[in-house]
$ cat query_21.cif   # mmCIF, C-alpha atoms
data_protein
loop_
_atom_site.label_atom_id
_atom_site.label_comp_id
_atom_site.auth_asym_id
_atom_site.auth_seq_id
_atom_site.Cartn_x
_atom_site.Cartn_y
_atom_site.Cartn_z
CA MET A 692 157.72 156.98 97.20
CA GLN A 693 155.03 159.52 96.31
CA LEU A 694 157.18 160.89 93.49
CA ILE A 695 157.90 157.41 92.10
CA VAL A 696 154.23 156.40 92.13
CA GLY A 697 153.15 159.70 90.59
CA VAL A 698 155.68 159.37 87.76
CA LEU A 699 154.64 155.75 87.10
CA LEU A 700 150.99 156.77 86.88
CA LEU A 701 151.76 159.63 84.49
CA ILE A 702 153.91 157.39 82.27
CA HIS A 703 151.09 154.85 82.00
CA GLY A 704 148.65 157.63 81.25
CA LEU A 705 150.98 159.08 78.62
CA TYR A 706 151.41 155.90 76.59
CA LEU A 707 147.66 155.23 76.71
CA LEU A 708 147.06 158.74 75.38
CA ILE A 709 149.60 158.10 72.61
CA ILE A 710 147.83 154.85 71.68
CA TYR A 711 144.50 156.71 71.62
CA LEU A 712 145.91 159.42 69.35
CA MET A 713 147.28 156.74 66.98
CA ASP A 714 143.72 156.28 65.60
CA VAL A 715 142.86 153.66 68.23
CA ARG A 716 139.78 155.65 69.22
CA LYS A 717 138.62 153.54 72.14
CA THR A 718 136.80 155.29 74.96
CA GLU A 719 138.42 153.12 77.62
CA LEU A 720 141.88 154.44 76.68
CA ILE A 721 141.01 158.09 77.24
CA ILE A 722 139.14 157.20 80.44
CA PHE A 723 142.16 155.29 81.75
CA PHE A 724 144.43 158.21 80.83
CA SER A 725 142.20 160.60 82.80
CA MET A 726 142.14 158.20 85.74
CA MET A 727 145.95 158.02 85.81
CA VAL A 728 146.26 161.82 85.74
CA ALA A 729 143.70 162.21 88.54
CA ALA A 730 145.50 159.56 90.63
CA ALA A 731 148.87 161.27 90.10
CA VAL A 732 147.39 164.62 91.14
CA SER A 733 145.82 163.08 94.23
CA ILE A 734 149.26 161.81 95.29
CA GLY A 735 150.87 165.16 94.48
CA VAL A 736 148.56 167.07 96.83
CA GLU A 737 149.02 164.65 99.76
CA HIS A 738 151.40 164.98 102.75
CA ASN A 739 154.43 166.91 101.57
CA GLY A 740 152.41 168.40 98.71
CA LEU A 741 154.87 167.66 95.88
CA LEU A 742 152.57 169.32 93.37
CA PHE A 743 152.62 172.60 95.26
CA ARG A 744 156.37 172.86 94.84
CA PHE A 745 155.64 173.55 91.18
CA LEU A 746 152.18 175.13 91.53
CA GLN A 747 151.73 178.15 93.80
CA VAL A 748 148.19 178.32 95.20
CA ASP A 749 146.61 179.54 98.44
CA PHE A 750 145.52 177.32 101.31
CA ALA A 751 141.91 177.05 100.13
CA TRP A 752 142.90 175.76 96.70
CA THR A 753 145.25 173.16 98.17
CA LEU A 754 142.19 171.59 99.80
CA LYS A 755 139.99 172.10 96.74
CA LEU A 756 142.52 170.38 94.46
CA LYS A 757 142.75 167.51 96.90
CA VAL A 758 138.97 166.99 96.87
CA LEU A 759 138.66 167.41 93.10
CA SER A 760 141.45 164.90 92.43
CA TYR A 761 139.84 162.36 94.78
CA ILE A 762 136.36 162.53 93.31
CA GLY A 763 137.78 162.79 89.78
CA PHE A 764 139.82 159.62 90.23
CA CYS A 765 136.77 157.76 91.54
CA LEU A 766 134.64 159.05 88.65
CA PHE A 767 137.05 157.77 86.02
CA LEU A 768 137.48 154.48 87.89
CA PHE A 769 133.72 154.07 87.84
CA LEU A 770 133.47 154.94 84.12
CA MET A 771 136.28 152.47 83.41
CA GLY A 772 134.40 149.77 85.31
CA ARG A 773 131.26 150.40 83.26
CA GLU A 774 133.24 150.38 80.02
CA LEU A 775 134.97 147.08 80.82
CA PHE A 776 131.81 145.47 82.12
CA GLY A 777 129.98 146.23 78.89
CA ASN A 778 127.44 148.64 77.52
CA LEU A 779 125.19 149.31 80.47
CA ARG A 780 121.92 151.18 80.52
CA LYS A 781 122.30 154.65 81.99
CA GLY A 782 119.53 154.57 84.60
CA LYS A 783 118.38 157.01 87.28
CA ALA A 784 121.15 156.00 89.70
CA PHE A 785 123.84 156.76 87.13
CA TYR A 786 122.44 160.16 86.19
CA SER A 787 121.82 161.03 89.85
CA TYR A 788 125.49 160.34 90.63
CA ILE A 789 126.74 162.31 87.62
CA LEU A 790 124.51 165.32 88.35
CA SER A 791 125.46 165.26 92.05
CA LEU A 792 129.15 165.12 91.14
CA LEU A 793 128.79 167.94 88.63
CA GLY A 794 126.87 170.12 91.09
CA PHE A 795 129.35 169.49 93.91
CA THR A 796 132.32 170.20 91.61
CA LEU A 797 130.85 173.53 90.53
CA PHE A 798 130.13 174.37 94.17
CA ILE A 799 133.72 173.56 95.18
CA ILE A 800 135.10 175.82 92.45
CA PHE A 801 132.70 178.76 92.60
CA GLY A 802 130.94 178.45 95.98
CA PRO A 803 131.52 180.65 99.07
CA GLU A 804 134.98 179.84 100.36
CA GLU A 805 134.04 179.48 104.04
CA THR A 806 131.16 177.12 103.27
CA VAL A 807 133.33 175.08 100.89
CA LEU A 808 136.11 174.69 103.46
CA TYR A 809 133.58 173.75 106.13
CA LEU A 810 132.12 170.97 103.95
CA ILE A 811 135.61 169.73 103.10
CA GLU A 812 136.51 169.65 106.77
CA LYS A 813 133.39 167.61 107.52
CA GLY A 814 134.28 165.15 104.75
CA VAL A 815 130.98 165.53 102.87
CA TYR A 816 132.79 164.80 99.60
CA MET A 817 133.63 161.29 100.81
CA ILE A 818 130.13 160.19 99.75
CA LEU A 819 131.10 160.89 96.14
CA TYR A 820 134.40 159.12 96.87
CA TYR A 821 133.10 155.83 98.32
CA ILE A 822 130.01 155.22 96.17
CA PRO A 823 131.71 154.92 92.73
CA VAL A 824 134.56 152.80 94.10
CA PHE A 825 132.27 150.19 95.64
CA TRP A 826 129.98 150.43 92.61
CA THR A 827 132.98 149.56 90.42
CA ALA A 828 133.89 146.70 92.75
CA TYR A 829 130.35 145.37 92.26
CA TYR A 830 130.87 145.35 88.46
CA PHE A 831 134.17 143.51 88.74
CA VAL A 832 132.75 140.94 91.16
CA LYS A 833 129.98 140.22 88.62
CA MET A 834 132.62 139.85 85.92
CA VAL A 835 134.44 137.29 88.07
CA PHE A 836 131.22 135.31 88.57
CA ILE A 837 130.48 135.24 84.84
CA GLN A 838 134.13 134.22 84.28
CA ALA A 839 135.02 137.18 82.08
CA GLU A 840 138.57 137.10 80.73
CA GLY A 841 140.99 138.74 83.21
CA ALA A 842 138.20 139.83 85.60
CA LEU A 843 140.14 138.62 88.64
CA PHE A 844 142.91 141.14 87.95
CA LEU A 845 140.35 143.93 87.73
CA LEU A 846 138.88 142.87 91.07
CA CYS A 847 142.37 142.88 92.63
CA SER A 848 142.97 146.38 91.29
CA VAL A 849 139.77 147.83 92.75
CA LEU A 850 140.41 146.05 96.07
CA ALA A 851 143.83 147.71 96.16
CA VAL A 852 142.14 151.07 95.62
CA ILE A 853 139.66 150.32 98.41
CA ASN A 854 142.57 149.38 100.65
CA ASN A 855 144.19 152.71 99.81
CA ILE A 856 141.01 154.55 100.78
CA MET A 857 140.60 152.61 104.04
CA TRP A 858 144.24 153.12 105.08
CA ALA A 859 143.95 156.84 104.29
CA SER A 860 140.83 157.06 106.45
CA VAL A 861 142.62 155.37 109.33
CA TYR A 862 145.62 157.64 108.91
CA TYR A 863 143.63 160.87 108.81
CA ALA A 864 141.51 159.74 111.75
CA GLY A 865 144.73 159.90 113.80
CA THR A 866 144.52 156.29 114.99
CA SER A 867 147.74 155.26 113.20
CA GLN A 868 151.28 156.47 113.80
CA PHE A 869 152.58 155.06 110.50
CA MET A 870 153.22 157.19 107.45
CA PHE A 871 150.67 156.68 104.67
CA TYR A 872 152.51 155.36 101.59
CA PRO A 873 150.64 154.79 98.28
CA VAL A 874 152.13 151.32 97.76
CA ASP A 875 148.69 149.83 97.15
CA LEU A 876 148.23 152.14 94.16
CA ILE A 877 151.26 150.49 92.59
CA ALA A 878 149.54 147.13 93.16
CA ALA A 879 146.36 148.49 91.55
CA LEU A 880 148.33 149.76 88.57
CA ALA A 881 150.13 146.41 88.21
CA ALA A 882 146.79 144.57 88.28
CA PHE A 883 145.31 146.89 85.65
CA SER A 884 148.39 146.50 83.45
CA THR A 885 148.24 142.72 83.80
CA TYR A 886 144.61 142.82 82.71
CA TRP A 887 145.47 144.89 79.62
CA PHE A 888 148.31 142.56 78.62
CA ARG A 889 146.21 139.45 79.24
CA ARG A 890 143.37 140.83 77.16
CA TYR A 891 145.79 141.83 74.39
CA PHE A 892 147.27 138.33 74.14
CA TYR A 893 143.81 136.80 74.43
CA HIS A 894 142.57 138.87 71.49
CA SER A 895 145.75 138.10 69.54
CA HIS A 896 145.15 134.38 70.06
CA GLN A 897 141.50 134.81 69.02
CA ASN A 898 142.62 136.65 65.88
CA VAL A 899 144.93 133.78 64.97
CA LEU A 900 142.09 131.29 65.38
CA LEU A 901 139.66 133.46 63.41
CA ASN A 902 142.19 133.95 60.61
CA ALA A 903 142.61 130.18 60.37
CA GLN A 904 138.82 129.75 60.25
CA LEU A 905 138.50 132.46 57.61
CA ALA A 906 141.23 130.85 55.51
CA GLU A 907 139.44 127.51 55.69
CA ALA A 908 136.10 129.15 54.89
CA ASN A 909 137.72 130.91 51.93
CA LYS A 910 138.98 127.58 50.59
CA LEU A 911 135.53 126.04 51.00
CA LYS A 912 133.98 129.03 49.23
CA ASP A 913 136.40 128.73 46.30
CA ARG A 914 135.76 124.99 46.13
CA PHE A 915 132.01 125.62 46.12
CA LEU A 916 132.33 128.20 43.33
CA SER A 917 134.50 125.85 41.30
CA ASN A 918 132.13 122.90 41.70
CA THR A 919 129.07 125.04 41.00
CA SER A 920 130.66 126.51 37.88
CA HIS A 921 131.48 123.04 36.57
CA GLU A 922 127.92 121.87 37.23
CA LEU A 923 126.40 124.88 35.45
CA ARG A 924 128.62 124.74 32.39
CA THR A 925 127.22 121.45 31.09
CA PRO A 926 123.54 122.53 30.86
CA LEU A 927 124.54 126.01 29.70
CA HIS A 928 126.60 124.63 26.81
CA GLY A 929 123.68 122.37 26.01
CA ILE A 930 121.44 125.42 25.73
CA MET A 931 123.99 127.18 23.52
CA ASN A 932 124.37 124.17 21.20
CA ILE A 933 120.60 123.64 20.89
CA ALA A 934 119.99 127.34 20.21
CA GLN A 935 122.77 127.45 17.61
CA SER A 936 121.46 124.27 15.98
CA VAL A 937 117.89 125.62 15.80
CA LEU A 938 119.13 128.92 14.35
CA THR A 939 121.20 127.11 11.72
CA ARG A 940 118.53 124.58 10.69
CA LYS A 941 115.45 126.79 10.88
CA LYS A 942 116.89 130.16 9.85
CA HIS A 943 114.99 130.08 6.53
CA VAL A 944 111.63 129.66 8.27
CA LEU A 945 112.22 132.08 11.18
CA ASP A 946 111.21 135.72 10.84
CA GLU A 947 113.74 138.46 11.55
CA GLU A 948 112.53 139.05 15.12
CA SER A 949 112.82 135.34 15.98
CA GLN A 950 116.29 135.19 14.48
CA ARG A 951 117.38 138.20 16.57
CA ASP A 952 115.92 136.53 19.67
CA MET A 953 117.84 133.33 19.00
CA GLU A 954 121.05 135.26 18.34
CA LEU A 955 120.49 137.19 21.56
CA LEU A 956 119.94 133.91 23.44
CA ILE A 957 123.26 132.59 22.12
CA MET A 958 125.08 135.82 23.03
CA VAL A 959 123.66 135.83 26.54
CA SER A 960 124.61 132.19 26.97
CA ARG A 961 128.14 132.97 25.86
CA ARG A 962 128.31 135.83 28.33
CA MET A 963 127.14 133.51 31.11
CA SER A 964 129.77 131.01 30.04
CA LEU A 965 132.43 133.69 30.35
CA MET A 966 131.15 134.58 33.83
CA LEU A 967 131.49 130.93 34.83
CA ASN A 968 135.03 131.00 33.45
CA ASP A 969 135.70 134.01 35.71
CA LEU A 970 134.56 132.02 38.72
CA LEU A 971 136.81 129.12 37.76
CA ASP A 972 139.71 131.47 37.20
CA VAL A 973 139.40 132.76 40.78
CA VAL A 974 140.49 129.36 42.02
CA ARG A 975 143.05 128.85 39.27
CA LEU A 976 144.67 132.21 39.94
CA GLN A 977 144.91 131.47 43.65
CA ASP A 978 146.50 128.10 42.95
CA LYS A 979 148.66 129.61 40.16
CA ARG A 980 147.27 127.09 37.67
CA ILE A 981 146.63 129.57 34.84
CA VAL A 982 148.64 128.65 31.72
CA MET A 983 149.10 131.44 29.18
CA ASN A 984 149.05 130.67 25.44
CA ILE A 985 150.92 133.68 24.08
CA LYS A 986 150.80 134.36 20.33
CA MET A 987 150.35 137.22 17.87
CA VAL A 988 146.76 138.53 17.96
CA GLN A 989 144.93 141.33 16.16
CA VAL A 990 143.43 143.73 18.70
CA ARG A 991 140.95 145.31 16.29
CA SER A 992 139.28 142.03 15.32
CA LEU A 993 139.08 140.94 18.96
CA ALA A 994 137.58 144.31 19.91
CA GLU A 995 134.91 144.01 17.20
CA GLY A 996 133.90 140.59 18.50
CA VAL A 997 133.71 141.85 22.08
CA LEU A 998 131.48 144.80 21.14
CA ASP A 999 129.21 142.56 19.02
CA MET A 1000 128.83 140.23 21.98
CA LEU A 1001 127.92 143.02 24.41
CA ARG A 1002 125.94 145.35 22.14
CA PHE A 1003 122.66 143.82 23.27
CA LEU A 1004 123.23 145.41 26.70
CA THR A 1005 122.70 148.86 25.16
CA GLY A 1006 119.25 148.00 23.85
CA GLY A 1007 116.65 150.42 25.21
CA THR A 1008 119.33 152.62 26.84
CA LYS A 1009 120.87 156.00 26.01
CA VAL A 1010 124.38 154.55 25.85
CA GLU A 1011 126.42 154.46 22.65
CA LEU A 1012 128.91 151.60 22.40
CA ARG A 1013 131.62 152.25 19.82
CA MET A 1014 135.17 151.33 18.82
CA ASP A 1015 138.02 153.68 17.94
CA ILE A 1016 140.91 151.51 16.70
CA ASN A 1017 142.87 152.14 13.49
CA GLU A 1018 143.19 149.32 10.96
CA ASP A 1019 146.97 149.73 10.88
CA LEU A 1020 147.37 149.04 14.62
CA PRO A 1021 150.11 146.38 14.92
CA ARG A 1022 149.49 142.98 16.36
CA VAL A 1023 150.39 142.24 19.95
CA TYR A 1024 151.72 139.26 21.87
CA ALA A 1025 148.94 138.02 24.15
CA ASP A 1026 146.77 135.09 25.13
CA GLU A 1027 143.81 135.61 22.79
CA GLU A 1028 141.25 133.93 25.05
CA ARG A 1029 142.40 135.84 28.14
CA LEU A 1030 142.56 139.17 26.27
CA VAL A 1031 138.95 138.69 25.14
CA GLN A 1032 138.02 137.85 28.74
CA ILE A 1033 139.71 141.03 29.97
CA LEU A 1034 138.04 143.27 27.39
CA ILE A 1035 134.61 141.77 28.00
CA ASN A 1036 134.90 142.39 31.73
CA LEU A 1037 136.10 145.97 31.28
CA VAL A 1038 133.46 146.90 28.71
CA HIS A 1039 130.69 145.14 30.61
CA ASN A 1040 131.71 146.96 33.80
CA ALA A 1041 131.62 150.29 31.93
CA LEU A 1042 128.16 149.58 30.51
CA LYS A 1043 126.84 148.56 33.92
CA PHE A 1044 127.68 151.92 35.49
CA THR A 1045 126.85 154.18 32.55
CA GLU A 1046 123.23 155.35 32.26
CA GLN A 1047 123.75 157.69 29.33
CA GLY A 1048 126.55 158.88 27.11
CA SER A 1049 129.09 156.51 25.59
CA VAL A 1050 131.44 153.61 26.20
CA VAL A 1051 134.43 153.66 23.88
CA LEU A 1052 136.91 150.83 23.28
CA SER A 1053 140.04 152.35 21.78
CA ALA A 1054 143.71 151.47 21.25
CA GLU A 1055 146.92 153.29 20.36
CA GLN A 1056 150.60 152.57 19.89
CA VAL A 1057 152.93 154.37 22.31
CA ASP A 1058 156.71 153.79 22.38
CA GLY A 1059 156.54 150.33 20.88
CA GLN A 1060 153.66 149.22 23.08
CA VAL A 1061 149.92 149.03 22.43
CA TRP A 1062 147.64 150.62 25.01
CA ILE A 1063 143.99 149.56 25.05
CA HIS A 1064 141.53 151.96 26.72
CA VAL A 1065 137.95 151.47 27.86
CA THR A 1066 136.45 154.91 28.50
CA ASP A 1067 132.93 155.62 29.76
CA THR A 1068 130.85 158.64 30.79
CA GLY A 1069 129.29 156.85 33.77
CA ILE A 1070 129.05 157.61 37.48
CA GLY A 1071 132.81 157.35 38.08
CA MET A 1072 134.50 156.41 41.35
CA ASP A 1073 135.67 158.28 44.42
CA GLU A 1074 139.08 157.75 46.03
CA ALA A 1075 137.81 155.10 48.47
CA LEU A 1076 136.24 152.99 45.70
CA ARG A 1077 139.30 153.28 43.47
CA LYS A 1078 141.42 151.77 46.25
CA ARG A 1079 139.28 148.67 46.59
CA VAL A 1080 137.86 148.26 43.07
CA PHE A 1081 140.32 145.48 42.19
CA MET A 1082 139.46 143.44 45.27
CA ARG A 1083 137.53 140.24 44.68
CA TYR A 1084 133.77 140.29 45.24
CA GLU A 1085 133.83 144.04 45.83
CA GLN A 1086 130.50 145.84 45.55
CA GLY A 1087 130.13 148.77 43.21
CA ALA A 1088 128.20 151.97 43.67
CA TYR A 1089 124.63 151.77 44.95
CA GLY A 1090 125.28 148.22 46.14
CA GLU A 1091 125.42 146.73 42.62
CA GLY A 1092 127.45 143.57 42.54
CA GLY A 1093 129.90 142.17 40.06
CA ILE A 1094 132.40 145.00 39.90
CA GLY A 1095 135.15 143.37 41.92
CA LEU A 1096 135.24 139.82 40.59
CA GLY A 1097 135.65 140.78 36.93
CA LEU A 1098 138.06 143.65 37.57
CA SER A 1099 140.20 141.69 40.02
CA ILE A 1100 140.57 138.90 37.45
CA CYS A 1101 141.37 141.48 34.76
CA LYS A 1102 144.16 142.93 36.88
CA GLU A 1103 145.69 139.54 37.65
CA LEU A 1104 145.46 138.35 34.02
CA VAL A 1105 147.04 141.57 32.76
CA GLU A 1106 149.88 141.14 35.25
CA LEU A 1107 150.36 137.55 34.08
CA HIS A 1108 150.86 139.03 30.59
CA GLY A 1109 153.57 141.24 32.05
CA GLY A 1110 151.50 144.40 31.61
CA GLU A 1111 149.66 146.72 33.96
CA LEU A 1112 146.08 147.87 34.38
CA LEU A 1113 145.61 151.58 35.13
CA LEU A 1114 142.48 153.35 36.32
CA GLN A 1115 141.50 157.01 36.06
CA SER A 1116 138.14 158.02 37.47
CA GLN A 1117 136.30 160.82 39.23
CA PRO A 1118 132.79 160.85 40.68
CA GLY A 1119 130.29 161.91 38.02
CA LYS A 1120 132.97 162.18 35.31
CA GLY A 1121 133.27 158.58 34.19
CA SER A 1122 136.14 156.11 34.25
CA LYS A 1123 139.01 155.08 32.02
CA PHE A 1124 140.73 151.70 32.22
CA SER A 1125 143.99 151.29 30.33
CA ILE A 1126 146.00 148.11 29.72
#
$ encode --input "query_21.cif" --output "structure tokens"
Amino acid sequence: MQLIVGVLLLIHGLYLLIIYLMDVRKTELIIFFSMMVAAAVSIGVEHNGLLFRFLQVDFAWTLKLKVLSYIGFCLFLFLMGRELFGNLRKGKAFYSYILSLLGFTLFIIFGPEETVLYLIEKGVYMILYYIPVFWTAYYFVKMVFIQAEGALFLLCSVLAVINNIMWASVYYAGTSQFMFYPVDLIAALAAFSTYWFRRYFYHSHQNVLLNAQLAEANKLKDRFLSNTSHELRTPLHGIMNIAQSVLTRKKHVLDEESQRDMELLIMVSRRMSLMLNDLLDVVRLQDKRIVMNIKMVQVRSLAEGVLDMLRFLTGGTKVELRMDINEDLPRVYADEERLVQILINLVHNALKFTEQGSVVLSAEQVDGQVWIHVTDTGIGMDEALRKRVFMRYEQGAYGEGGIGLGLSICKELVELHGGELLLQSQPGKGSKFSI
């Protein structure tokens, strides 16, 4: 029976250690592992001394190991109780117990052998044995009263441990003629295991509910963005039309600075309109309602228009925005509106994260395909940012927003064209997007 219980405890401790090493770095797992090992050792040093069939030690150390396993088991049981109960303040009582335990442990190991054996014989260590067990029981009783999930199983487990301690005391007092079997430790282990399984399924159920809530919230968010974008487009287009009308009718009476201001107002309005289109496309892409209008388009002319639209962003900066595309570059099959949208997002993203240097929009023909590159000398991206840069609503470096929405839409629109969007980037060495 002792061998069976010891093996069961070690198996439970082993799989908890494996779970902990699989990047599930939860303190309660390593505490439970330590508690299982201490419990198995305490059984191995009892009665027939199964442990000493494999470990050759003198008489003094047989008693020392027995005491250390007892108080060690109670320590880890107590720490487990605190961990499951919640983050508790470490007051004077806690530190007094820990310091007393540490001092007594050092004394057991290094103290005078006769004195140590005398104290063991008198059962002084039982103070450090009883206190943490009943302290843990107090935590679990409180958890039952506050109706914590699975608290009743925890209370049953600690009561089984208390029963084990009481029966051992009766046995060693010589008042019982029955052999002392650790059956109650199996009951404690079963109660603990039931608690773990119950909590696992409880959390799994909670995750399902939260995922459903998040999915619904995501739909509401997309609906809000779609409605807001529609509401903003009408006044924005009104601003664009009025500004264009004023520029056309009054161009002969406006000075050069006023004309540039009106042209800038129109360009900014167009950029805002494209941003609203990005927001609308988020919903359309999710619902797969994007319809591509594929035809032959001239990349160079589109690139010139994109740079003209975004050149105002370089005003007052040390960034050079230029194009490097040959006039003989062949036409490509693409949706002209979507290709412009992609290039605007890529160039705008490059300008946003480039404080000085250059942003170059280039293109080349390779093996019957046209590759378009947007290269910058900006801050670049580390490995972690490169992995999440195409996620929607992702934040860029230094907490600047806007990087994820535009780039995620670019990636999905490129894939709808049947192409691919590649990224090369290193911190401090700029970025290069290729489609």
$ resolve_selection --input "query_21.cif" --expression "the PyMOL selection byres ((chain A and resi 1031-1046) around 8)" --output "number ranges by chain"
A: 965, 993-994, 997, 1001, 1004-1005, 1008-1010, 1027-1030, 1047-1050, 1052, 1065-1071, 1094, 1097-1098, 1100-1101, 1104-1105, 1121-1122, 1124
$ residues_around --input "query_21.cif" --residues "Val937 in chain A" --least-positions-apart "6" --cutoff "10 Å" --atoms "all atoms listed in the file" --output "PDB file with C-alpha atoms, in the frame of the given file"
ATOM      1  CA  MET A 931     123.990 127.180  23.520  1.00  0.00           C
ATOM      2  CA  LEU A 945     112.220 132.080  11.180  1.00  0.00           C
ATOM      3  CA  GLN A 950     116.290 135.190  14.480  1.00  0.00           C
ATOM      4  CA  MET A 953     117.840 133.330  19.000  1.00  0.00           C
TER       5      MET A 953
END
$ closest_residue --input "query_21.cif" --among "A:Val990, A:Leu1012, A:Ile877, A:Ile789" --to "Gly697 in chain A" --atoms "all atoms listed in the file"
A:Ile877
$ residues_around --input "query_21.cif" --residues "Met771 in chain A" --least-positions-apart "3" --cutoff "10 Å" --atoms "only C-alpha atoms" --output "list in words"
Thr718, Glu719, Leu720, Ile721, Ile722, Phe723, Met726, Cys765, Leu766, Phe767, Leu768, Glu774, Leu775, Phe776, Gly777 and Thr827 of chain A
$ residues_near_point --input "query_21.cif" --point "(147.5, 146.3, 13.1)" --cutoff "8 Å" --atoms "all atoms listed in the file" --output "list in words"
Gln989, Val990, Arg991, Asn1017, Glu1018, Asp1019, Leu1020, Pro1021 and Arg1022 of chain A
$ residues_around --input "query_21.cif" --residues "Gln935 in chain A" --least-positions-apart "3" --cutoff "10 Å" --atoms "all atoms listed in the file" --output "count of residues only"
12
$ atom_distance --input "query_21.cif" --atom1 "CA of Tyr788 in chain A" --atom2 "CA of Tyr816 in chain A"
12.4 Å
$ resolve_selection --input "query_21.cif" --expression "the PyMOL selection byres ((chain A and resi 728-740) around 6)" --output "mmCIF file with C-alpha atoms, in the coordinates of the input"
data_model
loop_
_atom_site.group_PDB
_atom_site.id
_atom_site.type_symbol
_atom_site.label_atom_id
_atom_site.label_comp_id
_atom_site.auth_asym_id
_atom_site.auth_seq_id
_atom_site.Cartn_x
_atom_site.Cartn_y
_atom_site.Cartn_z
ATOM 1 C CA GLY A 697 153.150 159.700 90.590
ATOM 2 C CA LEU A 700 150.990 156.770 86.880
ATOM 3 C CA SER A 725 142.200 160.600 82.800
ATOM 4 C CA MET A 726 142.140 158.200 85.740
ATOM 5 C CA MET A 727 145.950 158.020 85.810
ATOM 6 C CA LEU A 741 154.870 167.660 95.880
ATOM 7 C CA LEU A 742 152.570 169.320 93.370
ATOM 8 C CA PHE A 743 152.620 172.600 95.260
ATOM 9 C CA LYS A 757 142.750 167.510 96.900
ATOM 10 C CA SER A 760 141.450 164.900 92.430
ATOM 11 C CA PHE A 764 139.820 159.620 90.230
#
$ closest_residue --input "query_21.cif" --among "A:Leu876, A:Val899, A:Val959, A:Leu967" --to "Ser917 in chain A" --atoms "only C-alpha atoms"
A:Leu967
$ closest_residue --input "query_21.cif" --among "A:Phe724, A:Val748, A:Ala903, A:Val1061" --to "Leu707 in chain A" --atoms "all atoms listed in the file"
A:Phe724
$ resolve_selection --input "query_21.cif" --expression "the PyMOL selection byres ((chain A and resi 798-800) around 12)" --output "ChimeraX atom specification"
/A:751-760,762,791-797,801-811,815-816
$ atom_distance --input "query_21.cif" --atom1 "CA of Leu705 in chain A" --atom2 "CA of Ser884 in chain A"
13.7 Å
$ atom_distance --input "query_21.cif" --atom1 "CA of Asp1058 in chain A" --atom2 "CA of Glu1111 in chain A"
15.3 Å
$ residues_near_point --input "query_21.cif" --point "(128.6, 132.2, 36.7)" --cutoff "10 Å" --atoms "all atoms listed in the file" --output "VMD selection string"
chain A and resid 916 to 917 919 to 921 923 to 924 962 to 971
$ closest_residue --input "query_21.cif" --among "A:Arg773, A:Thr925, A:Ala881, A:Tyr761" --to "Leu699 in chain A" --atoms "only C-alpha atoms"
A:Ala881
$ build_atoms --input "query_21.cif" --residues "range 1054-1065 of chain A" --atoms "N, CA and C atoms" --output "PDB file, in the coordinates of the input"
ATOM      1  N   ALA A1054     142.345 151.989  21.114  1.00  0.00           N
ATOM      2  CA  ALA A1054     143.710 151.470  21.250  1.00  0.00           C
ATOM      3  C   ALA A1054     144.655 152.391  20.518  1.00  0.00           C
ATOM      4  N   GLU A1055     145.904 152.453  20.986  1.00  0.00           N
ATOM      5  CA  GLU A1055     146.920 153.290  20.360  1.00  0.00           C
ATOM      6  C   GLU A1055     148.292 152.685  20.620  1.00  0.00           C
ATOM      7  N   GLN A1056     149.227 153.028  19.730  1.00  0.00           N
ATOM      8  CA  GLN A1056     150.600 152.570  19.890  1.00  0.00           C
ATOM      9  C   GLN A1056     151.428 153.700  20.510  1.00  0.00           C
ATOM     10  N   VAL A1057     152.123 153.386  21.616  1.00  0.00           N
ATOM     11  CA  VAL A1057     152.930 154.370  22.310  1.00  0.00           C
ATOM     12  C   VAL A1057     154.287 153.728  22.658  1.00  0.00           C
ATOM     13  N   ASP A1058     155.349 154.257  22.068  1.00  0.00           N
ATOM     14  CA  ASP A1058     156.710 153.790  22.380  1.00  0.00           C
ATOM     15  C   ASP A1058     156.851 152.280  22.240  1.00  0.00           C
ATOM     16  N   GLY A1059     156.370 151.749  21.136  1.00  0.00           N
ATOM     17  CA  GLY A1059     156.540 150.330  20.880  1.00  0.00           C
ATOM     18  C   GLY A1059     155.591 149.427  21.637  1.00  0.00           C
ATOM     19  N   GLN A1060     154.651 150.008  22.361  1.00  0.00           N
ATOM     20  CA  GLN A1060     153.660 149.220  23.080  1.00  0.00           C
ATOM     21  C   GLN A1060     152.262 149.646  22.633  1.00  0.00           C
ATOM     22  N   VAL A1061     151.317 148.739  22.769  1.00  0.00           N
ATOM     23  CA  VAL A1061     149.920 149.030  22.430  1.00  0.00           C
ATOM     24  C   VAL A1061     149.137 149.193  23.725  1.00  0.00           C
ATOM     25  N   TRP A1062     148.511 150.354  23.867  1.00  0.00           N
ATOM     26  CA  TRP A1062     147.640 150.620  25.010  1.00  0.00           C
ATOM     27  C   TRP A1062     146.187 150.505  24.569  1.00  0.00           C
ATOM     28  N   ILE A1063     145.423 149.717  25.316  1.00  0.00           N
ATOM     29  CA  ILE A1063     143.990 149.560  25.050  1.00  0.00           C
ATOM     30  C   ILE A1063     143.227 150.288  26.142  1.00  0.00           C
ATOM     31  N   HIS A1064     142.278 151.143  25.762  1.00  0.00           N
ATOM     32  CA  HIS A1064     141.530 151.960  26.720  1.00  0.00           C
ATOM     33  C   HIS A1064     140.042 151.631  26.628  1.00  0.00           C
ATOM     34  N   VAL A1065     139.406 151.573  27.772  1.00  0.00           N
ATOM     35  CA  VAL A1065     137.950 151.470  27.860  1.00  0.00           C
ATOM     36  C   VAL A1065     137.482 152.703  28.632  1.00  0.00           C
TER      37      VAL A1065
END
